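Asker: The structure file coords.txt (compact mmCIF, C-alpha atoms) is provided below.
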```txt
# COMPACT_ATOMS: atom_id res chain seq x y z
CA MET A 3 12.97 -18.62 -9.36
CA GLU A 4 15.52 -15.80 -9.43
CA ALA A 5 13.95 -14.50 -12.63
CA VAL A 6 10.48 -14.42 -11.09
CA LEU A 7 11.80 -12.60 -8.03
CA LEU A 8 13.59 -10.12 -10.27
CA GLY A 9 10.43 -9.61 -12.35
CA THR A 10 8.37 -8.93 -9.24
CA ILE A 11 11.03 -6.53 -7.95
CA LEU A 12 10.88 -4.62 -11.26
CA ALA A 13 7.07 -4.54 -11.07
CA VAL A 14 7.24 -3.13 -7.55
CA PHE A 15 9.80 -0.57 -8.78
CA THR A 16 7.42 0.67 -11.49
CA THR A 17 4.59 0.89 -8.97
CA MET A 18 6.80 2.92 -6.66
CA ALA A 19 7.68 5.23 -9.56
CA LEU A 20 3.97 5.72 -10.34
CA ALA A 21 3.16 6.34 -6.68
CA LEU A 22 6.03 8.82 -6.46
CA TRP A 23 4.77 10.60 -9.56
CA ARG A 24 1.32 10.83 -8.01
CA ALA A 25 2.85 12.14 -4.76
CA LEU A 26 4.77 14.86 -6.63
CA ALA A 27 2.07 15.82 -9.13
CA GLY A 28 -0.92 15.45 -6.82
CA PRO A 29 -3.04 18.64 -6.86
CA SER A 30 -4.21 18.42 -3.25
CA VAL A 31 -2.13 17.46 -0.23
CA TYR A 32 -4.24 14.31 0.16
CA ASP A 33 -3.02 13.04 -3.22
CA THR A 34 0.50 13.35 -1.88
CA ILE A 35 -0.45 11.41 1.23
CA VAL A 36 -2.01 8.67 -0.89
CA GLY A 37 1.12 8.52 -3.05
CA VAL A 38 3.46 8.41 -0.07
CA ASN A 39 1.35 5.75 1.62
CA ALA A 40 1.44 3.56 -1.50
CA PHE A 41 5.18 4.20 -1.85
CA GLY A 42 5.79 3.11 1.75
CA THR A 43 3.77 -0.08 1.42
CA LYS A 44 5.63 -0.98 -1.74
CA THR A 45 8.94 -0.35 0.03
CA VAL A 46 7.96 -3.02 2.54
CA LEU A 47 7.36 -5.45 -0.31
CA LEU A 48 10.59 -4.43 -1.99
CA VAL A 49 12.66 -5.08 1.13
CA ALA A 50 11.02 -8.47 1.59
CA LEU A 51 11.64 -9.40 -2.06
CA ILE A 52 15.26 -8.22 -2.02
CA SER A 53 15.95 -10.16 1.17
CA PHE A 54 14.73 -13.26 -0.66
CA PHE A 55 16.55 -12.38 -3.87
CA THR A 56 19.92 -11.98 -2.14
CA GLY A 57 19.29 -14.76 0.38
CA HIS A 58 19.95 -12.59 3.47
CA HIS A 59 16.81 -13.65 5.28
CA ASP A 60 17.46 -11.48 8.32
CA LEU A 61 16.45 -8.39 6.34
CA ILE A 62 12.82 -9.29 6.94
CA ASP A 63 12.86 -7.39 10.23
CA VAL A 64 13.55 -4.19 8.31
CA ALA A 65 10.40 -4.76 6.28
CA LEU A 66 8.44 -5.54 9.43
CA VAL A 67 9.49 -2.33 11.19
CA TYR A 68 8.94 -0.27 8.06
CA ALA A 69 5.37 -1.53 7.70
CA LEU A 70 4.59 -0.14 11.17
CA ILE A 71 6.45 3.13 10.76
CA ASN A 72 4.68 3.80 7.45
CA PHE A 73 1.29 3.66 9.11
CA ILE A 74 2.32 5.91 11.99
CA ALA A 75 3.80 8.41 9.52
CA VAL A 76 0.58 8.62 7.49
CA ILE A 77 -1.53 9.22 10.60
CA ALA A 78 0.94 11.84 11.90
CA VAL A 79 0.94 13.70 8.57
CA LEU A 80 -2.86 13.64 8.49
CA LYS A 81 -2.99 15.13 11.96
CA LEU A 82 -0.35 17.72 11.01
CA VAL A 83 -2.34 18.76 7.94
CA ARG A 84 -5.57 18.97 9.93
CA GLN A 85 -4.36 20.67 13.12
CA ARG A 86 -1.38 22.65 11.72
CA ASP A 87 0.74 21.20 14.61
CA LEU A 88 1.09 17.88 16.34
CA ALA A 89 0.84 19.15 19.93
CA THR A 90 -2.81 20.11 20.22
CA SER A 91 -5.45 17.45 20.73
CA GLY A 92 -8.10 17.30 18.02
CA ALA A 93 -11.15 17.90 20.19
CA SER A 94 -10.00 21.22 21.69
CA ARG A 95 -10.25 23.43 18.57
CA GLU A 96 -13.12 22.27 16.36
CA ARG A 97 -12.92 24.65 13.38
CA MET B 17 6.27 -33.53 -10.29
CA SER B 18 7.49 -33.59 -6.69
CA VAL B 19 5.90 -31.41 -4.07
CA GLU B 20 8.98 -29.17 -4.22
CA VAL B 21 8.41 -28.27 -7.87
CA ILE B 22 4.70 -27.69 -7.34
CA THR B 23 5.27 -25.20 -4.51
CA GLN B 24 7.94 -23.47 -6.58
CA VAL B 25 5.52 -23.13 -9.50
CA ILE B 26 2.68 -21.91 -7.31
CA SER B 27 4.85 -19.36 -5.53
CA ALA B 28 6.22 -18.16 -8.89
CA LEU B 29 2.64 -17.72 -10.12
CA MET B 30 1.62 -15.84 -6.97
CA LEU B 31 4.67 -13.57 -7.18
CA GLY B 32 3.97 -12.82 -10.83
CA VAL B 33 0.29 -12.10 -10.35
CA GLY B 34 1.10 -10.01 -7.25
CA GLY B 35 3.54 -7.94 -9.29
CA VAL B 36 0.94 -7.43 -12.01
CA PHE B 37 -1.67 -6.33 -9.47
CA ALA B 38 0.83 -3.93 -7.90
CA MET B 39 1.41 -2.32 -11.29
CA ILE B 40 -2.34 -2.16 -12.00
CA GLY B 41 -2.78 -0.39 -8.67
CA GLY B 42 0.02 2.02 -9.58
CA ILE B 43 -1.56 2.80 -12.94
CA GLY B 44 -4.93 3.31 -11.24
CA LEU B 45 -3.22 5.63 -8.76
CA VAL B 46 -2.02 7.80 -11.64
CA ARG B 47 -4.95 7.76 -14.04
CA PHE B 48 -7.97 8.23 -11.80
CA PRO B 49 -9.47 11.75 -11.82
CA ASP B 50 -10.26 12.29 -8.16
CA VAL B 51 -8.62 11.90 -4.74
CA PHE B 52 -11.10 9.31 -3.56
CA THR B 53 -10.87 7.13 -6.66
CA ARG B 54 -7.06 7.27 -6.44
CA LEU B 55 -7.31 6.29 -2.80
CA HIS B 56 -9.53 3.41 -3.84
CA ALA B 57 -7.08 2.19 -6.47
CA GLY B 58 -4.04 2.70 -4.24
CA SER B 59 -5.43 0.93 -1.20
CA ILE B 60 -6.91 -2.00 -3.14
CA ALA B 61 -3.55 -2.69 -4.75
CA ASP B 62 -1.87 -2.16 -1.38
CA THR B 63 -3.82 -5.02 0.17
CA LEU B 64 -4.01 -7.51 -2.71
CA ALA B 65 -0.43 -7.24 -4.00
CA PRO B 66 1.16 -7.85 -0.55
CA LEU B 67 -1.24 -10.74 0.02
CA LEU B 68 -0.06 -12.46 -3.17
CA ILE B 69 3.61 -11.51 -3.01
CA ILE B 70 4.14 -12.37 0.66
CA GLY B 71 2.02 -15.50 0.17
CA GLY B 72 4.39 -16.51 -2.62
CA LEU B 73 7.38 -15.84 -0.39
CA ILE B 74 5.85 -17.91 2.42
CA LEU B 75 5.47 -20.82 0.01
CA LEU B 76 9.15 -20.47 -0.83
CA VAL B 77 10.17 -20.72 2.81
CA GLY B 78 7.94 -23.54 3.99
CA PHE B 79 7.77 -23.75 7.80
CA ASP B 80 10.31 -21.56 9.62
CA LEU B 81 10.65 -18.58 11.96
CA LEU B 82 10.86 -16.55 8.76
CA THR B 83 7.34 -17.68 7.84
CA PHE B 84 6.08 -16.30 11.13
CA LYS B 85 7.79 -12.98 10.44
CA LEU B 86 6.30 -12.87 6.94
CA LEU B 87 2.86 -13.58 8.40
CA ALA B 88 3.42 -10.78 10.91
CA ILE B 89 4.24 -8.38 8.05
CA LEU B 90 1.13 -9.50 6.18
CA PHE B 91 -0.99 -9.14 9.32
CA PHE B 92 0.21 -5.57 9.99
CA LEU B 93 -0.11 -4.53 6.35
CA LEU B 94 -3.64 -5.91 6.01
CA PHE B 95 -4.73 -4.01 9.13
CA THR B 96 -2.86 -0.74 8.82
CA THR B 97 -3.27 0.08 5.10
CA PRO B 98 -7.09 0.14 5.11
CA ALA B 99 -7.03 2.14 8.33
CA ALA B 100 -4.66 4.67 6.80
CA SER B 101 -6.78 4.92 3.64
CA HIS B 102 -9.93 5.40 5.73
CA ALA B 103 -8.25 8.13 7.77
CA THR B 104 -7.06 9.86 4.60
CA ALA B 105 -10.54 9.76 3.06
CA ARG B 106 -12.16 11.16 6.21
CA ALA B 107 -9.51 13.87 6.46
CA ALA B 108 -10.08 14.81 2.81
CA ILE B 109 -13.85 15.04 3.33
CA ALA B 110 -13.38 16.98 6.57
CA ALA B 111 -11.20 19.41 4.63
CA GLY B 112 -14.07 19.94 2.21
CA LEU B 113 -12.94 17.94 -0.83
CA LYS B 114 -16.03 16.68 -2.59
CA PRO B 115 -16.02 13.35 -4.49
CA LEU B 116 -16.26 13.99 -8.22
CA GLY B 117 -19.90 12.92 -8.74
CA ASP B 118 -21.20 15.08 -5.89
CA ASP B 119 -21.70 18.39 -7.70
CA THR B 120 -23.76 16.83 -10.54
CA ARG B 121 -25.94 15.15 -7.92
CA ALA B 122 -26.45 18.52 -6.25
CA GLN B 123 -28.42 19.77 -9.26
CA GLY B 124 -31.05 17.05 -8.70
CA ASP B 125 -29.57 14.37 -10.99
CA SER B 126 -29.78 10.78 -9.83
CA SER B 127 -26.57 9.56 -8.18
CA SER B 128 -24.04 8.11 -10.65
CA ASN B 129 -23.62 4.94 -8.62
CA THR B 130 -27.24 3.94 -8.24
```
Before we go any further, please render this structure as structure tokens.

Answerer:
Amino acid sequence: MEAVLLGTILAVFTTMALALWRALAGPSVYDTIVGVNAFGTKTVLLVALISFFTGHHDLIDVALVYALINFIAVIAVLKLVRQRDLATSGASRER
Amino acid sequence: MSVEVITQVISALMLGVGGVFAMIGGIGLVRFPDVFTRLHAGSIADTLAPLLIIGGLILLVGFDLLTFKLLAILFFLLFTTPAASHATARAAIAAGLKPLGDDTRAQGDSSSNT
């Protein structure tokens, strides 16, 4: 079972490397957002897998919190890219 | 073949297949030509791979508080990832990025996905 967990961890590592490459190489800013979003989701999986691999089951909360923060971060970055700053509400300046 | 061994085998299978799907999603994320197709590949892998991997982990645990936490992670992931991908796609279109097939269709060709 340890070998399967280790194999899955390595698979998630390669996916994170590919997502990171896409985030760095992405021509438009939205490619970067897609890459970072995929990277964040895979981090959640990685934390869950590592908590099972090492047996410290209380690490699951880290994965739980990270899943939420990742979503908020993507939405915040999208708003930042669209509105140039996070303070204004979207409806006020419709370019 | 006790129940214990069967669940171990099934969870090992789910973990393996989940890992493979995660890598396929990663490869799709890199090789696709256009933002929207990359978004498609990234978000499909982001929902299927967690489903399989966390499902495999749940089978490992059986019935415990941990299972509830794993289900909570799965629940959040399955709701937030598609929403984030949808928001990214709308933001890209609002910023004027055209999907790849759009310009050919503009010259009167039939749409590529008919």

Asker: Show me, as a Markdown table, the residues of chain A having an atom within 6 Å of chain B, each with the closest atom pair and its distance in Å, using only C-alpha atoms.

Answerer:
```
| residue | atom | partner | partner_atom | distance |
| --- | --- | --- | --- | --- |
| A:Thr10 | CA | B:Gly35 | CA | 4.9 |
| A:Ala13 | CA | B:Gly35 | CA | 5.2 |
| A:Thr17 | CA | B:Gly42 | CA | 4.7 |
| A:Leu20 | CA | B:Gly42 | CA | 5.5 |
| A:Arg24 | CA | B:Val46 | CA | 5.8 |
| A:Asp33 | CA | B:Val51 | CA | 5.9 |
| A:Leu66 | CA | B:Ile89 | CA | 5.3 |
```

Asker: Counting only C-alpha atoms, figure out which residue out of B:Leu116, B:Val21, B:Ile109, B:Ile74 gets nearest to A:Arg84.

Answerer: B:Ile109

Asker: For the atom pair atom CA of A:Ile35 and atom CA of A:Leu80, what is the interatomic distance in Å to one decimal place?

Answerer: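 Computed distance, atom CA of A:Ile35 to atom CA of A:Leu80, equals 8.0 Å.
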